[in-house]
Amino acid sequence: MTDFIHGFVIITLILMTVAGYRGSTFSSASYWKQIAAINKAIKNYKVAIVVCSMVLLSSVSTYAQMTGKQIDSVVNKAMSTIDNTVGFAIGVVKDGQIVHVKGYGLNSMDSNEAVTADTPFGIASNSKAFTSAALAILVDQGKIKWEDKVIEYIPEFKMYNDYVTNNFNIHDLLTHRSGLGLGAGDLMIFPNGSNFTIQDVLAAFQYFEPTTAFRTKFDYDNLLYLVAGELTARVSGKSWETFVDEEILKPLEMHNSYASYYDALKHGNIAVAHSFDGKRLNAIQNPKPNLKQKMNGAAGGIWASANDMCKWMLAHLNEGKYGTGLDKTLFSEQQQQEMWRVHTPMNKQSDPRSPFKSHFSGYGLGWFLSDFNGFFKVEHSGLIAGMSSEVTLIPELELGIVVLNNSEGAGFLNGLMGFVLLDEYLNLETGINWLEMAQGMQQHGQQISDPDAEKVWSKVEANKDVKIDKPKYIGVYSDNWFGKVEVYDKGGELWFKSHKSPRLNGKMEFYEDNTFAIKWEYQDMKADALAIFSLDNSGTAQTIKMKGISRFIDFSFDFQDLDLRRVLESPTDSGIKK
């Protein structure tokens with residue numbers, strides 16, 4: 001879904017630069033602003049890349065195979081060295097077998113229960129591959145074709161113009177080439193716990209402004225995967241969650257995996273996400289699931305254990321076959337090839353100083369695809385607040401790696417373990433001390449300031465005694481796709497509240513002119529925002545434009561896409577009670 005974010009952004013950007021790719025939910029709207037700082041950090045480690053011995057792997061053989069004991073040693077060293085680790089799980093499959101799967105650390109700082117190989121983690125955008133597989137199964141069943149138009153199954157689906165609406169096919173739902181900007185409309189699902197329905201999502205696309213021509217450029221999205229989930233439901237006659245459970249999770253015997261947070265919470269002791277505020281880790285208390293919510297989890301709703309993700313990886317590496325003697329079929333080899341075919345080319349973003357060489361990069365159906373030192377690499381990342389996941393497959397070597405993490409402050413662990421294992425299994429012999437490099441980069445990342453946010457809140461503090469004419473801002477405003485928000489008086493102070501995303505509520509503090517800084521009560525992600533009012537000739541606010549404050553805000557908080565216009569003079573006009 002998620003993250004996909006805030007404290008992870010600079011860490012993830014560093015890892016993506018070293019690896020030579022840009023992942024999913026892990027992109028930041030301010031990505032390019034950070035490249036200079038990241039490259040500077042990498043340059044500081046150039047000598048280490050060239051000449052450092054592999055202290056971390058000194059006990060590991062040079063053969064393309066690692067024992068469970070060796071992986072244990074690497075993980076334990078990493079967790080004791082990388083700051084702010086809580087819990088972690090890793091699974092490795094090779095040559096048709098699970099060669100290592102284990103949990104490490106704590107499920108929650110509050111409970112002190114241990115993570116196991118069967119602890120479910122939120123895998124966020126790694127759920128997208130399950131959605132693609134669900135549709136592949138429907139293709140195999142002859143119920144749909146990839147080229148079928150979406151409006152054949154969802155007549156009310158409407159994009160930003162008639163041509164795109166009439167030609168938008170099932171492939172387009174999964175390949176991030178709609179013409180819409182990065183994360184368009186994600187504010188409907190970020191933060192979690194909103195009251196938007198799938199009907200709201202289907203009605204929203206017509207109001208978004210395209211940023212590129214249809215099918216010409218990769219721009220990551222989440223909402224169109226929700227449409228894919230709805231299409232799955234309408235064709236199969238089952239909810240997306242039920243279909244995934246019955247057609248994928250149960251056949252693969254993924255007994256500790258669930259298609260929704262509600263099911264995961266109901267059945268097991270799930271991993272607890274932890275945020276990092278720069279000083280300490282805090283367990284994140286998620287809102288209780290809304291059983292009446294009409295939104296599916298096709299973009300990022302699955303919870304899965306490392307053990308179960310190994311079964312999932314094996315099914316893909318075996319081209320859809322599973323079971324004893326591979327006598328059962330989840331999806332056909334033809335559909336496997338379709339999911340792993342580049343549908344949307346991407347700009348290659350490899351650093352020439354990186355030991356990993358890549359010549360192409362693109363997106364398939366729920367997977368990022370590239371070459372990696374001559375090997376075909378299939379991968380995806382997932383991020384929600386305080387939890388992350390990485391899945392990497394090297395089909396030619398029958399190799400699969402999954403890492404699951406429940407600490408925002410230790411995002412380096414995912415990339416570190418992935419690089420260590422790839423280095424070994426691919427016999428790359430990079431000579432990099434990954435642990436030392438990751439530790440140094442984490443320390444560097446923690447030292448990078450957020451000058452944009454610091455400037456805003458310093459100015460807010462300096463202007464705290466400025467008298468505000470509150471009545472001219474108070475009222476109800478509405479956006480075509482996001483719905484209504486309120487600006488109201490709470491104890492003599494201005495507050496902002498969204499009707500359909502109740503976690504987006506917070507105090508408004510004067511910044512300058514007719515601009516206010518909003519500090520949300522929701523503080524698990526760096527999503528605080530500026531609200532810029534435009535006034536009419538009488539001095540009454542008529543519109544609100546918004547934008548994030550922090551340069552590290554995740555792209556899914558797309559405040560900049562809102563066009564809020566006054567619809568009521570005061571909240572009491574609509575019967576709203578405070």
# chains A, B, ... in the order shown; residues from 1 in each chain; ligands from 1

$ closest_atom_pairs --of "range 98-138 of chain A" --to "range 373-393 of chain A" --cutoff "8 Å" --atoms "only C-alpha atoms" --output "JSON lines"
{"residue": "A:Phe121", "atom": "CA", "partner": "A:Met387", "partner_atom": "CA", "distance": 7.6}
{"residue": "A:Gly122", "atom": "CA", "partner": "A:Met387", "partner_atom": "CA", "distance": 6.8}
{"residue": "A:Ile123", "atom": "CA", "partner": "A:Ser389", "partner_atom": "CA", "distance": 5.5}
{"residue": "A:Ala124", "atom": "CA", "partner": "A:Gly382", "partner_atom": "CA", "distance": 4.6}
{"residue": "A:Ser125", "atom": "CA", "partner": "A:Gly382", "partner_atom": "CA", "distance": 4.3}
{"residue": "A:Asn126", "atom": "CA", "partner": "A:Gly382", "partner_atom": "CA", "distance": 5.3}

$ select_by_dssp --residues "range 178-419 of chain A" --states "alpha helix (DSSP H)" --output "ChimeraX atom specification"
/A:198-204,223-236,240-244,261-267,306-317,333-339,412-419

$ closest_residue --among "A:Asn405, A:Thr242, A:Thr515, A:Asn433" --to "Thr119 in chain A" --atoms "only C-alpha atoms"
A:Asn405

$ select_by_dssp --residues "range 286-457 of chain A" --states "strand (DSSP E or B)" --output "JSON, numbers by chain"
{"A": [303, 304, 321, 322, 328, 329, 344, 345, 361, 362, 363, 368, 369, 370, 371, 372, 375, 376, 377, 378, 379, 380, 381, 382, 383, 384, 387, 388, 389, 390, 391, 392, 393, 394, 399, 400, 401, 402, 403, 404, 405, 407]}

$ write_last_selection --atoms "C-alpha atoms" --output "PDB file, in the first residue's frame"
ATOM      1  CA  TRP A 303      -0.961 -10.122   6.050  1.00  0.00           C
ATOM      2  CA  ALA A 304       1.395 -13.075   5.617  1.00  0.00           C
ATOM      3  CA  LYS A 321       2.839 -25.459 -10.073  1.00  0.00           C
ATOM      4  CA  TYR A 322       2.652 -26.595  -6.455  1.00  0.00           C
ATOM      5  CA  LYS A 328      -1.317 -29.038  -8.993  1.00  0.00           C
ATOM      6  CA  THR A 329      -1.665 -25.751 -10.878  1.00  0.00           C
ATOM      7  CA  THR A 344       5.565  -0.594 -18.753  1.00  0.00           C
ATOM      8  CA  PRO A 345       9.230   0.325 -19.363  1.00  0.00           C
ATOM      9  CA  SER A 361      13.893  -1.924 -15.824  1.00  0.00           C
ATOM     10  CA  GLY A 362      10.144  -2.170 -16.089  1.00  0.00           C
ATOM     11  CA  TYR A 363       6.887  -3.202 -14.485  1.00  0.00           C
ATOM     12  CA  PHE A 368       9.089  -4.887 -10.830  1.00  0.00           C
ATOM     13  CA  LEU A 369      11.346  -6.493 -13.444  1.00  0.00           C
ATOM     14  CA  SER A 370      15.009  -5.860 -14.253  1.00  0.00           C
ATOM     15  CA  ASP A 371      18.314  -7.515 -15.015  1.00  0.00           C
ATOM     16  CA  PHE A 372      20.764  -7.814 -12.154  1.00  0.00           C
ATOM     17  CA  PHE A 375      20.286 -12.369 -14.078  1.00  0.00           C
ATOM     18  CA  PHE A 376      16.563 -11.696 -14.544  1.00  0.00           C
ATOM     19  CA  LYS A 377      15.251 -10.250 -11.268  1.00  0.00           C
ATOM     20  CA  VAL A 378      11.609 -10.152 -10.192  1.00  0.00           C
ATOM     21  CA  GLU A 379      10.787  -8.143  -7.087  1.00  0.00           C
ATOM     22  CA  HIS A 380       8.439  -5.926  -5.166  1.00  0.00           C
ATOM     23  CA  SER A 381       8.479  -3.938  -1.961  1.00  0.00           C
ATOM     24  CA  GLY A 382       5.754  -3.112   0.509  1.00  0.00           C
ATOM     25  CA  LEU A 383       5.501  -0.403   3.136  1.00  0.00           C
ATOM     26  CA  ILE A 384       2.890   0.696   5.612  1.00  0.00           C
ATOM     27  CA  MET A 387       6.199  -2.152   8.726  1.00  0.00           C
ATOM     28  CA  SER A 388       7.924  -3.190   5.506  1.00  0.00           C
ATOM     29  CA  SER A 389       8.482  -6.191   3.270  1.00  0.00           C
ATOM     30  CA  GLU A 390      10.692  -7.166   0.330  1.00  0.00           C
ATOM     31  CA  VAL A 391      10.326 -10.095  -2.070  1.00  0.00           C
ATOM     32  CA  THR A 392      13.090 -10.890  -4.569  1.00  0.00           C
ATOM     33  CA  LEU A 393      13.133 -13.759  -7.078  1.00  0.00           C
ATOM     34  CA  ILE A 394      15.945 -14.883  -9.386  1.00  0.00           C
ATOM     35  CA  LEU A 399      16.123 -18.454  -5.728  1.00  0.00           C
ATOM     36  CA  GLY A 400      13.609 -16.514  -3.677  1.00  0.00           C
ATOM     37  CA  ILE A 401      14.147 -14.200  -0.700  1.00  0.00           C
ATOM     38  CA  VAL A 402      11.500 -12.611   1.520  1.00  0.00           C
ATOM     39  CA  VAL A 403      12.201 -10.248   4.405  1.00  0.00           C
ATOM     40  CA  LEU A 404       9.577  -8.844   6.779  1.00  0.00           C
ATOM     41  CA  ASN A 405      10.216  -6.052   9.280  1.00  0.00           C
ATOM     42  CA  SER A 407      10.216  -1.343  12.750  1.00  0.00           C
TER      43      SER A 407
END

$ closest_residue --among "A:Gln442, A:Ser127, A:Asn84, A:Thr430" --to "Phe412 in chain A" --atoms "only C-alpha atoms"
A:Gln442

$ residues_around --residues "Arg503 in chain A" --least-positions-apart "5" --cutoff "8 Å" --atoms "only C-alpha atoms" --output "list in words"
Pro191, Gly193, Ser194, Ser498, Trp520, Glu521 and Tyr522 of chain A

$ residues_around --residues "Ala117 in chain A" --least-positions-apart "3" --cutoff "8 Å" --atoms "only C-alpha atoms" --output "list in words"
Ala89, Ile90, Val101, Lys102, Gly103, Ser305, Ala306 and Asn307 of chain A

$ residues_around --residues "range 176-183 of chain A" --least-positions-apart "4" --cutoff "8 Å" --atoms "only C-alpha atoms" --output "list in words"
Ala29, Asp172, Phe208, Glu209, Pro210, Thr211, Thr212, Ala213, Phe214, Arg215, Thr216, Lys217, Phe218, Asp219, Tyr220, Asp221, Asn222, Thr344, Tyr363, Phe555, Ser556 and Asp558 of chain A

$ closest_residue --among "A:Glu424, A:Ile189, A:Phe360, A:Asn282" --to "Lys348 in chain A" --atoms "only C-alpha atoms"
A:Phe360

$ closest_residue --among "A:Lys94, A:His100, A:His499, A:Lys149" --to "Leu317 in chain A" --atoms "only C-alpha atoms"
A:Lys94

$ closest_residue --among "A:Ala134, A:Phe205, A:Lys526, A:Thr324" --to "Ser239 in chain A" --atoms "only C-alpha atoms"
A:Ala134

$ closest_atom_pairs --of "range 89-201 of chain A" --to "range 248-254 of chain A" --cutoff "10 Å" --atoms "only C-alpha atoms" --output "JSON lines"
{"residue": "A:Asp118", "atom": "CA", "partner": "A:Met254", "partner_atom": "CA", "distance": 9.6}
{"residue": "A:Phe130", "atom": "CA", "partner": "A:Ile248", "partner_atom": "CA", "distance": 7.9}
{"residue": "A:Ala133", "atom": "CA", "partner": "A:Ile248", "partner_atom": "CA", "distance": 8.3}
{"residue": "A:Ala134", "atom": "CA", "partner": "A:Ile248", "partner_atom": "CA", "distance": 7.6}
{"residue": "A:Ile137", "atom": "CA", "partner": "A:Ile248", "partner_atom": "CA", "distance": 9.3}

$ closest_residue --among "A:Ser449, A:Ser111, A:Thr175, A:Thr81" --to "Asn269 in chain A" --atoms "only C-alpha atoms"
A:Ser111

$ decode --residues "range 404-415 of chain A" --atoms "all heavy atoms" --output "PDB file, in the first residue's frame"
ATOM      1  N   LEU A 404      10.707  -9.536   6.158  1.00  0.00           N
ATOM      2  CA  LEU A 404       9.577  -8.844   6.779  1.00  0.00           C
ATOM      3  C   LEU A 404      10.083  -8.124   8.024  1.00  0.00           C
ATOM      4  O   LEU A 404      10.857  -8.695   8.798  1.00  0.00           O
ATOM      5  CB  LEU A 404       8.472  -9.838   7.153  1.00  0.00           C
ATOM      6  CG  LEU A 404       7.994 -10.781   6.048  1.00  0.00           C
ATOM      7  CD1 LEU A 404       7.053 -11.844   6.617  1.00  0.00           C
ATOM      8  CD2 LEU A 404       7.295  -9.999   4.944  1.00  0.00           C
ATOM      9  N   ASN A 405       9.634  -6.904   8.249  1.00  0.00           N
ATOM     10  CA  ASN A 405      10.216  -6.052   9.280  1.00  0.00           C
ATOM     11  C   ASN A 405       9.099  -5.241   9.933  1.00  0.00           C
ATOM     12  O   ASN A 405       8.228  -4.706   9.242  1.00  0.00           O
ATOM     13  CB  ASN A 405      11.235  -5.119   8.614  1.00  0.00           C
ATOM     14  CG  ASN A 405      12.080  -4.354   9.603  1.00  0.00           C
ATOM     15  OD1 ASN A 405      11.681  -4.121  10.729  1.00  0.00           O
ATOM     16  ND2 ASN A 405      13.259  -3.937   9.164  1.00  0.00           N
ATOM     17  N   ASN A 406       9.094  -5.126  11.243  1.00  0.00           N
ATOM     18  CA  ASN A 406       8.043  -4.354  11.914  1.00  0.00           C
ATOM     19  C   ASN A 406       8.570  -3.127  12.653  1.00  0.00           C
ATOM     20  O   ASN A 406       8.013  -2.691  13.656  1.00  0.00           O
ATOM     21  CB  ASN A 406       7.254  -5.238  12.891  1.00  0.00           C
ATOM     22  CG  ASN A 406       8.056  -5.665  14.105  1.00  0.00           C
ATOM     23  OD1 ASN A 406       9.289  -5.619  14.106  1.00  0.00           O
ATOM     24  ND2 ASN A 406       7.373  -6.098  15.154  1.00  0.00           N
ATOM     25  N   SER A 407       9.659  -2.547  12.127  1.00  0.00           N
ATOM     26  CA  SER A 407      10.216  -1.343  12.750  1.00  0.00           C
ATOM     27  C   SER A 407      10.573  -0.313  11.696  1.00  0.00           C
ATOM     28  O   SER A 407      11.424  -0.557  10.842  1.00  0.00           O
ATOM     29  CB  SER A 407      11.460  -1.702  13.573  1.00  0.00           C
ATOM     30  OG  SER A 407      12.123  -0.524  13.978  1.00  0.00           O
ATOM     31  N   GLU A 408       9.957   0.845  11.794  1.00  0.00           N
ATOM     32  CA  GLU A 408      10.248   1.921  10.856  1.00  0.00           C
ATOM     33  C   GLU A 408      11.705   2.367  10.953  1.00  0.00           C
ATOM     34  O   GLU A 408      12.330   2.716   9.956  1.00  0.00           O
ATOM     35  CB  GLU A 408       9.335   3.111  11.149  1.00  0.00           C
ATOM     36  CG  GLU A 408       9.616   4.322  10.318  1.00  0.00           C
ATOM     37  CD  GLU A 408       8.805   5.523  10.782  1.00  0.00           C
ATOM     38  OE1 GLU A 408       8.775   5.814  11.992  1.00  0.00           O
ATOM     39  OE2 GLU A 408       8.202   6.158   9.918  1.00  0.00           O
ATOM     40  N   GLY A 409      12.258   2.318  12.119  1.00  0.00           N
ATOM     41  CA  GLY A 409      13.606   2.837  12.305  1.00  0.00           C
ATOM     42  C   GLY A 409      14.708   1.927  11.814  1.00  0.00           C
ATOM     43  O   GLY A 409      15.869   2.310  11.808  1.00  0.00           O
ATOM     44  N   ALA A 410      14.358   0.704  11.383  1.00  0.00           N
ATOM     45  CA  ALA A 410      15.374  -0.261  10.964  1.00  0.00           C
ATOM     46  C   ALA A 410      15.150  -0.732   9.537  1.00  0.00           C
ATOM     47  O   ALA A 410      15.348  -1.895   9.210  1.00  0.00           O
ATOM     48  CB  ALA A 410      15.394  -1.444  11.921  1.00  0.00           C
ATOM     49  N   GLY A 411      14.752   0.166   8.681  1.00  0.00           N
ATOM     50  CA  GLY A 411      14.485  -0.195   7.297  1.00  0.00           C
ATOM     51  C   GLY A 411      15.696  -0.724   6.566  1.00  0.00           C
ATOM     52  O   GLY A 411      15.564  -1.442   5.571  1.00  0.00           O
ATOM     53  N   PHE A 412      16.893  -0.402   7.047  1.00  0.00           N
ATOM     54  CA  PHE A 412      18.108  -0.883   6.409  1.00  0.00           C
ATOM     55  C   PHE A 412      18.212  -2.403   6.451  1.00  0.00           C
ATOM     56  O   PHE A 412      18.878  -3.006   5.613  1.00  0.00           O
ATOM     57  CB  PHE A 412      19.340  -0.297   7.108  1.00  0.00           C
ATOM     58  CG  PHE A 412      19.826   0.960   6.474  1.00  0.00           C
ATOM     59  CD1 PHE A 412      19.719   2.158   7.132  1.00  0.00           C
ATOM     60  CD2 PHE A 412      20.393   0.934   5.213  1.00  0.00           C
ATOM     61  CE1 PHE A 412      20.165   3.329   6.557  1.00  0.00           C
ATOM     62  CE2 PHE A 412      20.844   2.097   4.620  1.00  0.00           C
ATOM     63  CZ  PHE A 412      20.723   3.296   5.289  1.00  0.00           C
ATOM     64  N   LEU A 413      17.586  -3.032   7.433  1.00  0.00           N
ATOM     65  CA  LEU A 413      17.689  -4.482   7.553  1.00  0.00           C
ATOM     66  C   LEU A 413      17.216  -5.186   6.290  1.00  0.00           C
ATOM     67  O   LEU A 413      17.821  -6.167   5.846  1.00  0.00           O
ATOM     68  CB  LEU A 413      16.864  -4.959   8.742  1.00  0.00           C
ATOM     69  CG  LEU A 413      17.599  -5.194  10.059  1.00  0.00           C
ATOM     70  CD1 LEU A 413      16.632  -5.664  11.122  1.00  0.00           C
ATOM     71  CD2 LEU A 413      18.726  -6.190   9.882  1.00  0.00           C
ATOM     72  N   ASN A 414      16.102  -4.722   5.714  1.00  0.00           N
ATOM     73  CA  ASN A 414      15.555  -5.372   4.517  1.00  0.00           C
ATOM     74  C   ASN A 414      16.559  -5.356   3.376  1.00  0.00           C
ATOM     75  O   ASN A 414      16.868  -6.387   2.781  1.00  0.00           O
ATOM     76  CB  ASN A 414      14.265  -4.672   4.081  1.00  0.00           C
ATOM     77  CG  ASN A 414      13.144  -4.832   5.078  1.00  0.00           C
ATOM     78  OD1 ASN A 414      13.373  -5.181   6.226  1.00  0.00           O
ATOM     79  ND2 ASN A 414      11.933  -4.578   4.648  1.00  0.00           N
ATOM     80  N   GLY A 415      17.061  -4.170   3.065  1.00  0.00           N
ATOM     81  CA  GLY A 415      18.004  -4.058   1.971  1.00  0.00           C
ATOM     82  C   GLY A 415      19.309  -4.762   2.273  1.00  0.00           C
ATOM     83  O   GLY A 415      19.887  -5.425   1.411  1.00  0.00           O
TER      84      GLY A 415
END
